[in-house]
file my_file.cif (mmCIF, C-alpha atoms and all ligand atoms)
data_target
#
loop_
_atom_site.label_atom_id
_atom_site.label_comp_id
_atom_site.auth_asym_id
_atom_site.auth_seq_id
_atom_site.Cartn_x
_atom_site.Cartn_y
_atom_site.Cartn_z
CA MET A 1 -15.31 7.34 1.42
CA ASN A 2 -16.19 5.81 4.78
CA LEU A 3 -17.81 7.11 7.94
CA TYR A 4 -15.75 6.46 11.08
CA VAL A 5 -17.22 6.81 14.56
CA ILE A 6 -14.45 7.09 17.15
CA SER A 7 -14.90 7.09 20.93
CA GLY A 8 -12.10 8.61 23.04
CA VAL A 9 -11.11 10.67 20.01
CA THR A 10 -8.90 13.15 21.85
CA GLY A 11 -6.79 10.37 23.37
CA MET A 12 -3.43 9.22 21.97
CA THR A 13 -4.84 6.75 19.47
CA GLY A 14 -8.11 8.54 18.70
CA ASN A 15 -6.73 11.96 17.78
CA GLU A 16 -4.08 10.60 15.44
CA LEU A 17 -6.53 8.16 13.87
CA ALA A 18 -9.00 11.00 13.19
CA ARG A 19 -6.15 13.05 11.63
CA GLN A 20 -5.03 10.20 9.34
CA LEU A 21 -8.61 9.45 8.24
CA ILE A 22 -9.46 13.07 7.50
CA GLU A 23 -6.28 13.31 5.43
CA LYS A 24 -7.65 10.41 3.37
CA LYS A 25 -10.96 12.35 3.03
CA HIS A 26 -13.02 10.02 5.22
CA LYS A 27 -15.74 11.47 7.47
CA VAL A 28 -15.15 11.22 11.24
CA ILE A 29 -17.62 11.57 14.08
CA GLY A 30 -15.68 11.58 17.34
CA PHE A 31 -16.36 12.18 21.00
CA ASP A 32 -14.48 12.27 24.29
CA ASN A 33 -15.31 13.30 27.86
CA PHE A 34 -11.76 14.63 28.45
CA PHE A 35 -11.14 12.15 31.26
CA ALA A 36 -7.48 11.92 30.24
CA SER A 37 -7.10 14.36 27.37
CA SER A 38 -8.14 17.76 26.13
CA VAL A 39 -9.39 19.50 23.03
CA LYS A 40 -5.79 20.66 22.44
CA THR A 41 -4.90 17.30 20.84
CA ILE A 42 -7.39 17.95 18.02
CA ALA A 43 -6.84 21.73 17.72
CA ASP A 44 -5.55 21.31 14.15
CA ILE A 45 -8.57 19.31 12.91
CA VAL A 46 -11.51 20.36 15.09
CA GLU A 47 -12.72 22.95 12.54
CA ASN A 48 -12.35 20.58 9.58
CA PRO A 49 -15.76 19.97 7.94
CA LEU A 50 -14.91 16.26 7.69
CA PHE A 51 -14.70 16.09 11.49
CA ASP A 52 -17.64 16.39 13.90
CA PHE A 53 -16.47 16.50 17.51
CA TYR A 54 -18.65 16.19 20.61
CA GLU A 55 -17.71 16.47 24.28
CA TYR A 56 -19.71 13.38 25.21
CA ASP A 57 -19.37 10.52 27.67
CA LEU A 58 -19.49 6.90 26.49
CA ASN A 59 -21.48 6.06 29.62
CA ASN A 60 -24.11 8.76 29.09
CA ILE A 61 -27.13 7.10 27.45
CA ASP A 62 -28.66 10.36 26.13
CA GLU A 63 -25.39 11.52 24.59
CA MET A 64 -24.80 8.14 22.95
CA GLU A 65 -28.34 8.27 21.56
CA LYS A 66 -27.44 11.61 19.92
CA ILE A 67 -24.36 10.01 18.33
CA LYS A 68 -26.54 7.17 17.09
CA ARG A 69 -29.08 9.56 15.52
CA LYS A 70 -26.26 11.52 13.86
CA VAL A 71 -24.78 8.31 12.39
CA VAL A 72 -28.16 7.11 11.14
CA SER A 73 -28.84 10.47 9.47
CA ILE A 74 -25.62 10.53 7.41
CA LYS A 75 -24.42 6.94 6.97
CA LYS A 76 -26.19 6.49 3.62
CA ASN A 77 -23.67 8.98 2.13
CA TYR A 78 -20.71 6.68 2.81
CA ASN A 79 -19.50 3.30 1.57
CA GLN A 80 -18.94 1.78 4.99
CA THR A 81 -19.64 2.74 8.61
CA ILE A 82 -16.79 1.80 10.92
CA TYR A 83 -16.84 2.08 14.73
CA VAL A 84 -13.51 2.31 16.56
CA ASN A 85 -13.67 2.11 20.34
CA CYS A 86 -10.68 4.00 21.74
CA ALA A 87 -12.38 5.34 24.89
CA ALA A 88 -11.03 3.67 28.00
CA ILE A 89 -9.63 4.28 31.44
CA VAL A 90 -6.06 3.43 30.52
CA HIS A 91 -3.18 4.60 32.70
CA THR A 92 -1.35 2.16 35.00
CA GLU A 93 -2.47 4.14 38.05
CA HIS A 94 -6.07 3.03 37.36
CA PHE A 95 -5.31 -0.63 36.55
CA TYR A 96 -5.57 -1.63 40.21
CA TYR A 97 -9.10 -0.28 40.72
CA VAL A 98 -11.64 -2.68 39.27
CA ASN A 99 -14.65 -0.40 39.82
CA ARG A 100 -12.91 2.53 38.18
CA THR A 101 -12.18 0.73 34.91
CA PHE A 102 -15.21 -1.58 34.62
CA GLU A 103 -17.95 0.88 33.61
CA THR A 104 -16.09 2.48 30.70
CA ASN A 105 -13.87 -0.37 29.56
CA VAL A 106 -16.42 -3.18 29.70
CA VAL A 107 -19.99 -1.83 29.97
CA GLY A 108 -19.21 1.17 27.74
CA MET A 109 -17.44 -0.98 25.13
CA ARG A 110 -20.42 -3.35 24.98
CA ALA A 111 -22.97 -0.51 24.67
CA PHE A 112 -20.93 1.05 21.85
CA LEU A 113 -20.80 -2.34 20.09
CA LYS A 114 -24.58 -2.65 20.47
CA GLN A 115 -24.98 0.79 18.92
CA ALA A 116 -22.76 -0.21 16.00
CA ILE A 117 -24.90 -3.31 15.43
CA ASP A 118 -28.16 -1.35 15.81
CA VAL A 119 -27.16 1.18 13.13
CA ASN A 120 -26.03 -1.66 10.83
CA ALA A 121 -22.40 -0.56 10.90
CA ASP A 122 -20.03 -2.69 8.84
CA VAL A 123 -17.05 -2.89 11.21
CA TYR A 124 -16.24 -2.57 14.92
CA ILE A 125 -12.61 -2.28 16.03
CA ASN A 126 -12.08 -3.11 19.68
CA CYS A 127 -8.92 -1.65 21.23
CA SER A 128 -7.81 -4.26 23.73
CA THR A 129 -4.40 -4.47 25.38
CA SER A 130 -1.24 -6.55 25.70
CA GLU A 131 -1.86 -6.37 29.48
CA VAL A 132 -4.01 -9.49 28.99
CA TYR A 133 -0.79 -11.50 28.62
CA SER A 134 -0.20 -10.68 32.29
CA MET A 135 2.57 -12.96 33.61
CA HIS A 136 3.10 -14.73 30.26
CA SER A 137 4.20 -11.56 28.50
CA TRP A 138 7.21 -12.81 26.60
CA SER A 139 8.74 -15.86 24.95
CA GLU A 140 11.56 -16.43 22.51
CA ASP A 141 9.52 -15.50 19.42
CA GLY A 142 7.16 -13.21 21.30
CA VAL A 143 3.77 -14.17 22.71
CA LYS A 144 1.17 -15.07 20.10
CA GLU A 145 -2.53 -14.29 20.13
CA SER A 146 -3.24 -18.04 20.30
CA ASP A 147 -0.97 -18.67 23.31
CA TYR A 148 -2.67 -19.62 26.56
CA ILE A 149 -2.62 -16.85 29.12
CA THR A 150 -1.08 -17.07 32.59
CA MET A 151 -2.77 -14.41 34.64
CA ALA A 152 -1.91 -12.93 37.98
CA ASP A 153 -5.21 -12.83 39.86
CA ALA A 154 -6.72 -11.46 43.07
CA GLU A 155 -4.34 -13.73 45.03
CA HIS A 156 -1.45 -11.66 43.66
CA SER A 157 -2.50 -8.16 42.66
CA GLN A 158 -5.55 -6.15 41.65
CA ARG A 159 -3.59 -4.98 38.57
CA THR A 160 -5.02 -7.74 36.39
CA SER A 161 -8.57 -6.40 36.87
CA TYR A 162 -7.97 -3.95 34.00
CA ALA A 163 -6.69 -6.74 31.76
CA THR A 164 -9.56 -9.04 32.74
CA GLY A 165 -12.08 -6.40 31.69
CA LYS A 166 -10.32 -5.89 28.37
CA LEU A 167 -10.15 -9.67 27.84
CA LEU A 168 -13.92 -9.87 28.26
CA THR A 169 -14.40 -7.25 25.51
CA GLU A 170 -12.55 -9.57 23.12
CA PHE A 171 -15.28 -12.17 23.69
CA PHE A 172 -18.05 -9.64 22.99
CA ILE A 173 -16.68 -8.74 19.55
CA LYS A 174 -15.92 -12.38 18.72
CA ASP A 175 -19.48 -13.32 19.63
CA ALA A 176 -20.97 -10.49 17.53
CA VAL A 177 -18.89 -11.51 14.49
CA ASP A 178 -19.68 -15.21 14.93
CA GLU A 179 -23.38 -14.33 15.13
CA GLY A 180 -23.06 -12.46 11.81
CA GLN A 181 -24.06 -9.13 13.39
CA ILE A 182 -20.98 -7.16 12.30
CA LYS A 183 -17.36 -7.63 11.19
CA GLY A 184 -14.46 -6.63 13.39
CA CYS A 185 -11.56 -7.63 15.58
CA SER A 186 -9.67 -6.85 18.76
CA ILE A 187 -6.24 -5.26 18.84
CA ARG A 188 -3.75 -5.87 21.65
CA PHE A 189 -1.54 -2.79 21.65
CA ALA A 190 1.67 -2.66 23.65
CA ASN A 191 2.92 0.58 25.22
CA VAL A 192 1.68 3.23 22.83
CA TYR A 193 3.30 6.66 23.13
CA SER A 194 2.83 9.95 21.36
CA LYS A 195 4.44 13.34 21.10
CA ASN A 196 1.32 15.11 22.33
CA GLU A 197 0.58 13.13 25.46
CA LEU A 198 -0.66 15.75 27.87
CA PHE A 199 -0.38 13.89 31.15
CA PRO A 200 3.18 12.83 31.92
CA LYS A 201 2.19 9.61 33.65
CA HIS A 202 3.27 7.05 31.09
CA ILE A 203 6.91 6.13 31.20
CA ILE A 204 8.21 8.06 28.16
CA PRO A 205 6.64 11.45 29.01
CA HIS A 206 7.57 10.86 32.67
CA ILE A 207 11.23 10.37 31.75
CA LEU A 208 11.31 13.28 29.29
CA HIS A 209 9.59 15.75 31.63
CA SER A 210 11.71 14.73 34.64
CA LEU A 211 14.95 15.01 32.68
CA LYS A 212 13.98 18.34 31.20
CA ASP A 213 12.94 19.76 34.59
CA CYS A 214 15.89 18.60 36.71
CA GLY A 215 18.14 16.13 34.85
CA LYS A 216 16.95 13.41 37.24
CA VAL A 217 14.39 10.57 36.92
CA GLU A 218 12.66 8.59 39.62
CA LEU A 219 11.90 5.01 38.55
CA LEU A 220 10.31 2.05 40.29
CA GLU A 221 12.67 -0.68 41.57
CA ASN A 222 11.11 -2.88 38.84
CA SER A 223 12.91 -0.73 36.26
CA LYS A 224 16.29 -2.18 37.29
CA LYS A 225 15.22 -5.28 35.32
CA ASN A 226 12.27 -4.29 33.16
CA LYS A 227 12.41 -4.13 29.39
CA ARG A 228 9.65 -3.01 27.03
CA THR A 229 8.88 -2.31 23.39
CA PHE A 230 7.19 1.00 22.51
CA LEU A 231 4.79 1.77 19.68
CA TYR A 232 4.44 5.28 18.25
CA ASN A 233 0.79 6.32 17.91
CA GLU A 234 1.11 6.99 14.18
CA ASP A 235 1.93 3.28 13.81
CA SER A 236 -0.88 2.11 16.11
CA CYS A 237 -3.35 4.07 13.96
CA GLN A 238 -1.89 2.68 10.75
CA ALA A 239 -2.59 -0.80 12.16
CA ILE A 240 -6.26 0.07 12.75
CA ILE A 241 -6.59 1.40 9.20
CA ALA A 242 -4.79 -1.62 7.72
CA LEU A 243 -7.18 -3.98 9.52
CA CYS A 244 -10.25 -1.97 8.44
CA ASP A 245 -8.99 -2.25 4.85
CA SER A 246 -8.50 -6.04 5.09
CA SER A 247 -11.99 -7.49 5.12
CA ASP A 248 -10.79 -11.09 5.62
CA ALA A 249 -8.93 -10.06 8.76
CA LEU A 250 -12.15 -8.85 10.41
CA ASP A 251 -13.12 -12.30 11.65
CA GLY A 252 -13.66 -11.38 15.29
CA SER A 253 -10.18 -12.54 16.27
CA ILE A 254 -7.29 -10.79 17.99
CA TYR A 255 -4.23 -9.01 16.59
CA ASN A 256 -1.04 -8.13 18.45
CA VAL A 257 0.22 -4.71 17.43
CA ALA A 258 3.69 -3.82 18.67
CA THR A 259 7.27 -3.29 17.61
CA ASP A 260 10.03 -5.81 18.31
CA GLU A 261 12.50 -3.11 19.33
CA GLU A 262 13.02 -4.03 22.99
CA ILE A 263 14.83 -1.64 25.34
CA SER A 264 15.49 -1.68 29.08
CA ILE A 265 13.88 1.18 30.99
CA VAL A 266 17.33 2.31 32.13
CA ASP A 267 18.55 2.46 28.51
CA LEU A 268 15.37 4.34 27.63
CA VAL A 269 16.38 7.01 30.15
CA PHE A 270 19.81 7.24 28.48
CA LEU A 271 18.24 7.49 25.02
CA CYS A 272 15.90 10.28 26.17
CA ALA A 273 18.80 12.08 27.90
CA GLU A 274 20.89 11.89 24.74
CA LYS A 275 18.06 13.41 22.69
CA LEU A 276 17.72 16.21 25.27
CA GLY A 277 21.47 16.84 25.25
CA ILE A 278 21.93 15.71 28.88
CA ASP A 279 25.24 13.88 29.50
CA SER A 280 24.81 12.14 32.85
CA PRO A 281 21.17 11.65 33.82
CA GLU A 282 20.61 10.79 37.48
CA ILE A 283 18.33 7.79 38.13
CA VAL A 284 16.73 7.23 41.53
CA PHE A 285 14.89 3.96 42.24
CA ASN A 286 11.89 4.19 44.53
CA GLY A 287 8.80 1.97 45.06
CA TYR A 288 7.88 -1.46 43.74
CA ARG A 289 4.96 -2.62 41.59
CA LYS A 290 3.61 -6.16 42.09
CA SER A 291 2.73 -8.44 39.15
CA ASP A 292 4.62 -6.25 36.72
CA PRO A 293 6.17 -8.50 34.04
CA GLU A 294 9.88 -8.01 33.42
CA ARG A 295 9.50 -8.14 29.67
CA ARG A 296 6.68 -7.82 27.16
CA ILE A 297 7.39 -9.02 23.66
CA LEU A 298 4.53 -9.63 21.26
CA ASN A 299 4.68 -11.76 18.16
CA THR A 300 3.14 -9.73 15.31
CA ASP A 301 3.26 -12.37 12.54
CA LYS A 302 -0.53 -12.54 12.35
CA ILE A 303 -1.18 -8.90 11.44
CA ARG A 304 1.89 -8.92 9.16
CA LYS A 305 0.50 -11.94 7.29
CA ARG A 306 -3.05 -10.65 6.98
CA THR A 307 -2.35 -6.98 6.22
CA THR A 308 0.48 -4.87 4.83
CA TRP A 309 1.03 -3.20 8.22
CA ARG A 310 4.59 -2.77 9.45
CA PRO A 311 5.70 -0.27 12.12
CA GLN A 312 7.43 2.66 10.44
CA ILE A 313 8.66 4.80 13.35
CA SER A 314 11.73 3.50 15.19
CA LEU A 315 12.08 4.31 18.88
CA ASP A 316 14.93 6.65 18.03
CA MET A 317 12.73 8.57 15.56
CA GLY A 318 9.75 8.62 17.93
CA ILE A 319 11.75 9.95 20.88
CA SER A 320 13.20 12.65 18.62
CA GLU A 321 9.62 13.68 17.70
CA CYS A 322 8.65 13.81 21.38
CA VAL A 323 11.70 15.91 22.28
CA GLU A 324 11.06 18.30 19.40
CA GLU A 325 7.48 18.80 20.65
CA LEU A 326 8.63 19.21 24.26
CA GLU A 327 11.09 21.91 23.31
CA LYS A 328 8.61 23.99 21.27
N1 LIG B 401 -1.61 3.62 25.51
C1 LIG B 401 -1.26 2.35 25.55
O1 LIG B 401 -0.11 2.00 25.80
C2 LIG B 401 -2.26 1.28 25.26
C3 LIG B 401 -1.82 -0.03 25.33
C4 LIG B 401 -2.71 -1.04 25.10
C5 LIG B 401 -4.01 -0.75 24.78
N2 LIG B 401 -4.45 0.52 24.72
C6 LIG B 401 -5.87 0.74 24.40
O2 LIG B 401 -6.00 1.57 23.27
C7 LIG B 401 -7.16 2.39 23.40
C8 LIG B 401 -6.76 3.82 23.21
O3 LIG B 401 -5.88 4.18 24.25
P1 LIG B 401 -5.00 5.48 24.20
O4 LIG B 401 -3.61 5.07 24.24
O5 LIG B 401 -5.48 6.37 23.12
O6 LIG B 401 -5.38 6.04 25.65
P2 LIG B 401 -5.79 7.52 26.08
O7 LIG B 401 -6.00 7.50 27.55
O8 LIG B 401 -4.84 8.49 25.50
O9 LIG B 401 -7.19 7.69 25.33
C9 LIG B 401 -8.40 7.21 25.85
C10 LIG B 401 -9.40 8.33 25.69
O10 LIG B 401 -10.66 7.88 26.18
C11 LIG B 401 -11.27 8.98 26.84
N3 LIG B 401 -12.30 8.48 27.72
C12 LIG B 401 -12.15 7.83 28.90
N4 LIG B 401 -13.35 7.55 29.42
C13 LIG B 401 -14.28 8.04 28.55
C14 LIG B 401 -15.69 8.06 28.55
N5 LIG B 401 -16.41 7.53 29.55
N6 LIG B 401 -16.32 8.66 27.52
C15 LIG B 401 -15.62 9.21 26.50
N7 LIG B 401 -14.27 9.22 26.45
C16 LIG B 401 -13.61 8.64 27.47
C17 LIG B 401 -10.13 9.68 27.54
O11 LIG B 401 -10.43 11.02 27.89
C18 LIG B 401 -9.03 9.58 26.50
O12 LIG B 401 -9.01 10.71 25.66
C19 LIG B 401 -7.75 2.07 24.78
O13 LIG B 401 -8.79 1.16 24.64
C20 LIG B 401 -6.62 1.44 25.52
O14 LIG B 401 -7.06 0.54 26.51
C21 LIG B 401 -3.60 1.55 24.94
#
call {"tool": "encode", "arguments": {"input": "my_file.cif", "output": "structure tokens"}}
result
Amino acid sequence: MNLYVISGVTGMTGNELARQLIEKKHKVIGFDNFFASSVKTIADIVENPLFDFYEYDLNNIDEMEKIKRKVVSIKKNYNQTIYVNCAAIVHTEHFYYVNRTFETNVVGMRAFLKQAIDVNADVYINCSTSEVYSMHSWSEDGVKESDYITMADAEHSQRTSYATGKLLTEFFIKDAVDEGQIKGCSIRFANVYSKNELFPKHIIPHILHSLKDCGKVELLENSKKNKRTFLYNEDSCQAIIALCDSSDALDGSIYNVATDEEISIVDLVFLCAEKLGIDSPEIVFNGYRKSDPERRILNTDKIRKRTTWRPQISLDMGISECVEELEK
């Protein structure tokens, strides 16, 4: 059995990852400062003896020292110690504010990596983002990890500041692996969603809540053209576990993790409406977002070649799960 240390554990990826690991009888130490989540997402596992939860902040040196001491005191009981950094300032509304995202997403990530190295952890998984593809977000076969990046910059929009910070974290983990300090990798997720997202700010919960409340959805003008793929959080967590289980894959490099099931945002509204039993949803277009790519299609050949990971939850199944939860 392994010891997993998960930051941002009550977030979409963290809570499901903790659940899946506990089911497999691994030990999980997790913490979150509830910046964008609540203890409700872990209500079913918080009392489990395999799970130690702390309301701690990644940027609080004293609290992180307590996590470090806890890890050091128990790690000898486990085969491997694996750090997974899920804590981040994530939602699109924050992407434009470089100071808001920098401390947690860059400085916090680096401090957590240093802790992992200091305690002699075996693996560090860095959750990066497909936002780093910026304006080169799609191609015929999907963008590959090795493709050169075409970034919007401060001449165009502050949006890329979030992606730039995340891109820098990919260099930190690569450097640590190249220096032989730890094994690990970065994962570029695309549009993760979950049935227990508490803040209806991401597009799927926004559509579902709006339709349920009034049968009407307000979308940005960009949505007249935009298409996206969406990844259910059970699948994003399966990808993390698959990579942790594939030692050769932990070479400091980057893995795209996404589905190839592309849908226009307008069709997504119709799919959600159908699941909610609404015949004619009303769509109102309002506002425009700069430097927002029309499509985002990732090529996932690399993770498929190096692990057994394949997404299991179709968009249809995932939306059904979300609707079922919404109607409880
Ligand atoms: N959701 C997506 O579509 C998506 C896409 C690409 C990449 N990612 C990346 O995946 C990772 C997980 O994201 P998620 O989808 O679970 O997002 P999320 O917002 O649901 O979870 C992030 C968690 O981090 C916590 N957090 C924020 N600042 C913290 C701090 N200082 N200390 C402790 N906890 C803190 C939040 O409260 C939240 O629970 C992030 O690194 C994110 O950048 C997510």
call {"tool": "axis_aligned_box", "arguments": {"input": "my_file.cif", "around": "ligand LIG 401 (chain B)", "padding_each_side": "5 Å", "output": "lines of an AutoDock Vina configuration file"}}
result
center_x = -8.3
center_y = 5.0
center_z = 26.3
size_x = 26.3
size_y = 22.1
size_z = 16.4
call {"tool": "closest_atom_pairs", "arguments": {"input": "my_file.cif", "of": "chain A", "to": "ligand LIG 401 (chain B)", "cutoff": "7 Å", "atoms": "all atoms listed in the file", "output": "JSON lines"}}
result
{"residue": "A:Ser7", "atom": "CA", "partner": "B:LIG401", "partner_atom": "N7", "distance": 6.0}
{"residue": "A:Gly8", "atom": "CA", "partner": "B:LIG401", "partner_atom": "O10", "distance": 3.5}
{"residue": "A:Val9", "atom": "CA", "partner": "B:LIG401", "partner_atom": "O12", "distance": 6.0}
{"residue": "A:Thr10", "atom": "CA", "partner": "B:LIG401", "partner_atom": "O12", "distance": 4.5}
{"residue": "A:Gly11", "atom": "CA", "partner": "B:LIG401", "partner_atom": "O12", "distance": 3.2}
{"residue": "A:Met12", "atom": "CA", "partner": "B:LIG401", "partner_atom": "O5", "distance": 3.7}
{"residue": "A:Thr13", "atom": "CA", "partner": "B:LIG401", "partner_atom": "O5", "distance": 3.7}
{"residue": "A:Gly14", "atom": "CA", "partner": "B:LIG401", "partner_atom": "O5", "distance": 5.6}
{"residue": "A:Phe31", "atom": "CA", "partner": "B:LIG401", "partner_atom": "C15", "distance": 6.3}
{"residue": "A:Asp32", "atom": "CA", "partner": "B:LIG401", "partner_atom": "N7", "distance": 3.7}
{"residue": "A:Asn33", "atom": "CA", "partner": "B:LIG401", "partner_atom": "C15", "distance": 4.3}
{"residue": "A:Phe34", "atom": "CA", "partner": "B:LIG401", "partner_atom": "O11", "distance": 3.9}
{"residue": "A:Phe35", "atom": "CA", "partner": "B:LIG401", "partner_atom": "O11", "distance": 3.6}
{"residue": "A:Ala36", "atom": "CA", "partner": "B:LIG401", "partner_atom": "O11", "distance": 3.9}
{"residue": "A:Ser37", "atom": "CA", "partner": "B:LIG401", "partner_atom": "O12", "distance": 4.5}
{"residue": "A:Tyr56", "atom": "CA", "partner": "B:LIG401", "partner_atom": "C15", "distance": 6.0}
{"residue": "A:Asp57", "atom": "CA", "partner": "B:LIG401", "partner_atom": "N6", "distance": 3.6}
{"residue": "A:Leu58", "atom": "CA", "partner": "B:LIG401", "partner_atom": "N6", "distance": 3.8}
{"residue": "A:Asn59", "atom": "CA", "partner": "B:LIG401", "partner_atom": "N5", "distance": 5.3}
{"residue": "A:Asn85", "atom": "CA", "partner": "B:LIG401", "partner_atom": "O13", "distance": 6.6}
{"residue": "A:Cys86", "atom": "CA", "partner": "B:LIG401", "partner_atom": "C8", "distance": 4.2}
{"residue": "A:Ala87", "atom": "CA", "partner": "B:LIG401", "partner_atom": "O10", "distance": 3.3}
{"residue": "A:Ala88", "atom": "CA", "partner": "B:LIG401", "partner_atom": "C12", "distance": 4.4}
{"residue": "A:Ile89", "atom": "CA", "partner": "B:LIG401", "partner_atom": "C12", "distance": 5.0}
{"residue": "A:Val90", "atom": "CA", "partner": "B:LIG401", "partner_atom": "O7", "distance": 5.0}
{"residue": "A:His91", "atom": "CA", "partner": "B:LIG401", "partner_atom": "O7", "distance": 6.5}
{"residue": "A:Thr104", "atom": "CA", "partner": "B:LIG401", "partner_atom": "N5", "distance": 5.2}
{"residue": "A:Cys127", "atom": "CA", "partner": "B:LIG401", "partner_atom": "O13", "distance": 4.4}
{"residue": "A:Ser128", "atom": "CA", "partner": "B:LIG401", "partner_atom": "C5", "distance": 5.3}
{"residue": "A:Thr129", "atom": "CA", "partner": "B:LIG401", "partner_atom": "C5", "distance": 3.8}
{"residue": "A:Ser130", "atom": "CA", "partner": "B:LIG401", "partner_atom": "C4", "distance": 5.7}
{"residue": "A:Glu131", "atom": "CA", "partner": "B:LIG401", "partner_atom": "C4", "distance": 7.0}
{"residue": "A:Arg188", "atom": "CA", "partner": "B:LIG401", "partner_atom": "C5", "distance": 6.0}
{"residue": "A:Phe189", "atom": "CA", "partner": "B:LIG401", "partner_atom": "C4", "distance": 4.0}
{"residue": "A:Ala190", "atom": "CA", "partner": "B:LIG401", "partner_atom": "C3", "distance": 4.7}
{"residue": "A:Asn191", "atom": "CA", "partner": "B:LIG401", "partner_atom": "O1", "distance": 3.4}
{"residue": "A:Val192", "atom": "CA", "partner": "B:LIG401", "partner_atom": "O1", "distance": 3.7}
{"residue": "A:Tyr193", "atom": "CA", "partner": "B:LIG401", "partner_atom": "N1", "distance": 6.2}
call {"tool": "write_last_selection", "arguments": {"input": "my_file.cif", "atoms": "C-alpha atoms", "output": "mmCIF file, in the frame of the given file"}}
result
data_model
loop_
_atom_site.group_PDB
_atom_site.id
_atom_site.type_symbol
_atom_site.label_atom_id
_atom_site.label_comp_id
_atom_site.auth_asym_id
_atom_site.auth_seq_id
_atom_site.Cartn_x
_atom_site.Cartn_y
_atom_site.Cartn_z
ATOM 1 C CA SER A 7 -14.900 7.090 20.930
ATOM 2 C CA GLY A 8 -12.100 8.610 23.040
ATOM 3 C CA VAL A 9 -11.110 10.670 20.010
ATOM 4 C CA THR A 10 -8.900 13.150 21.850
ATOM 5 C CA GLY A 11 -6.790 10.370 23.370
ATOM 6 C CA MET A 12 -3.430 9.220 21.970
ATOM 7 C CA THR A 13 -4.840 6.750 19.470
ATOM 8 C CA GLY A 14 -8.110 8.540 18.700
ATOM 9 C CA PHE A 31 -16.360 12.180 21.000
ATOM 10 C CA ASP A 32 -14.480 12.270 24.290
ATOM 11 C CA ASN A 33 -15.310 13.300 27.860
ATOM 12 C CA PHE A 34 -11.760 14.630 28.450
ATOM 13 C CA PHE A 35 -11.140 12.150 31.260
ATOM 14 C CA ALA A 36 -7.480 11.920 30.240
ATOM 15 C CA SER A 37 -7.100 14.360 27.370
ATOM 16 C CA TYR A 56 -19.710 13.380 25.210
ATOM 17 C CA ASP A 57 -19.370 10.520 27.670
ATOM 18 C CA LEU A 58 -19.490 6.900 26.490
ATOM 19 C CA ASN A 59 -21.480 6.060 29.620
ATOM 20 C CA ASN A 85 -13.670 2.110 20.340
ATOM 21 C CA CYS A 86 -10.680 4.000 21.740
ATOM 22 C CA ALA A 87 -12.380 5.340 24.890
ATOM 23 C CA ALA A 88 -11.030 3.670 28.000
ATOM 24 C CA ILE A 89 -9.630 4.280 31.440
ATOM 25 C CA VAL A 90 -6.060 3.430 30.520
ATOM 26 C CA HIS A 91 -3.180 4.600 32.700
ATOM 27 C CA THR A 104 -16.090 2.480 30.700
ATOM 28 C CA CYS A 127 -8.920 -1.650 21.230
ATOM 29 C CA SER A 128 -7.810 -4.260 23.730
ATOM 30 C CA THR A 129 -4.400 -4.470 25.380
ATOM 31 C CA SER A 130 -1.240 -6.550 25.700
ATOM 32 C CA GLU A 131 -1.860 -6.370 29.480
ATOM 33 C CA ARG A 188 -3.750 -5.870 21.650
ATOM 34 C CA PHE A 189 -1.540 -2.790 21.650
ATOM 35 C CA ALA A 190 1.670 -2.660 23.650
ATOM 36 C CA ASN A 191 2.920 0.580 25.220
ATOM 37 C CA VAL A 192 1.680 3.230 22.830
ATOM 38 C CA TYR A 193 3.300 6.660 23.130
#
call {"tool": "residues_around", "arguments": {"input": "my_file.cif", "residues": "A:Lys275", "least_positions_apart": "4", "cutoff": "9 Å", "atoms": "all atoms listed in the file", "output": "VMD selection string"}}
result
chain A and resid 270 to 271 316 319 to 320 323
call {"tool": "residues_around", "arguments": {"input": "my_file.cif", "residues": "stretch 112-117 of chain A", "least_positions_apart": "2", "cutoff": "7 Å", "atoms": "only C-alpha atoms", "output": "list in words"}}
result
Lys68, Tyr83, Gly108, Met109, Arg110, Val119, Asn120, Ala121, Tyr124, Gln181 and Ile182 of chain A
call {"tool": "residues_around", "arguments": {"input": "my_file.cif", "residues": "A:Lys76", "least_positions_apart": "4", "cutoff": "12 Å", "atoms": "all atoms listed in the file", "output": "JSON, numbers by chain"}}
result
{"A": [1, 2, 3, 70, 71, 72, 80, 81, 119, 120, 121]}
call {"tool": "closest_residue", "arguments": {"input": "my_file.cif", "among": "A:Trp309, A:Arg289, A:Lys216, A:Thr300", "to": "A:Asp235", "atoms": "only C-alpha atoms"}}
result
A:Trp309
call {"tool": "residues_around", "arguments": {"input": "my_file.cif", "residues": "A:Asn222", "least_positions_apart": "4", "cutoff": "8 Å", "atoms": "all atoms listed in the file", "output": "list in words"}}
result
Asn226, Tyr288, Arg289, Asp292 and Glu294 of chain A
call {"tool": "residues_around", "arguments": {"input": "my_file.cif", "residues": "A:Tyr232", "least_positions_apart": "4", "cutoff": "8 Å", "atoms": "all atoms listed in the file", "output": "CSV table (one decimal) with C-alpha atoms, in the coordinates of the input"}}
result
chain,number,residue,atom,x,y,z
A,192,VAL,CA,1.7,3.2,22.8
A,193,TYR,CA,3.3,6.7,23.1
A,194,SER,CA,2.8,10.0,21.4
A,236,SER,CA,-0.9,2.1,16.1
A,313,ILE,CA,8.7,4.8,13.4
A,315,LEU,CA,12.1,4.3,18.9
A,318,GLY,CA,9.8,8.6,17.9
call {"tool": "closest_residue", "arguments": {"input": "my_file.cif", "among": "A:Tyr255, A:Phe230, A:Tyr78, A:Tyr97", "to": "A:Ala242", "atoms": "only C-alpha atoms"}}
result
A:Tyr255
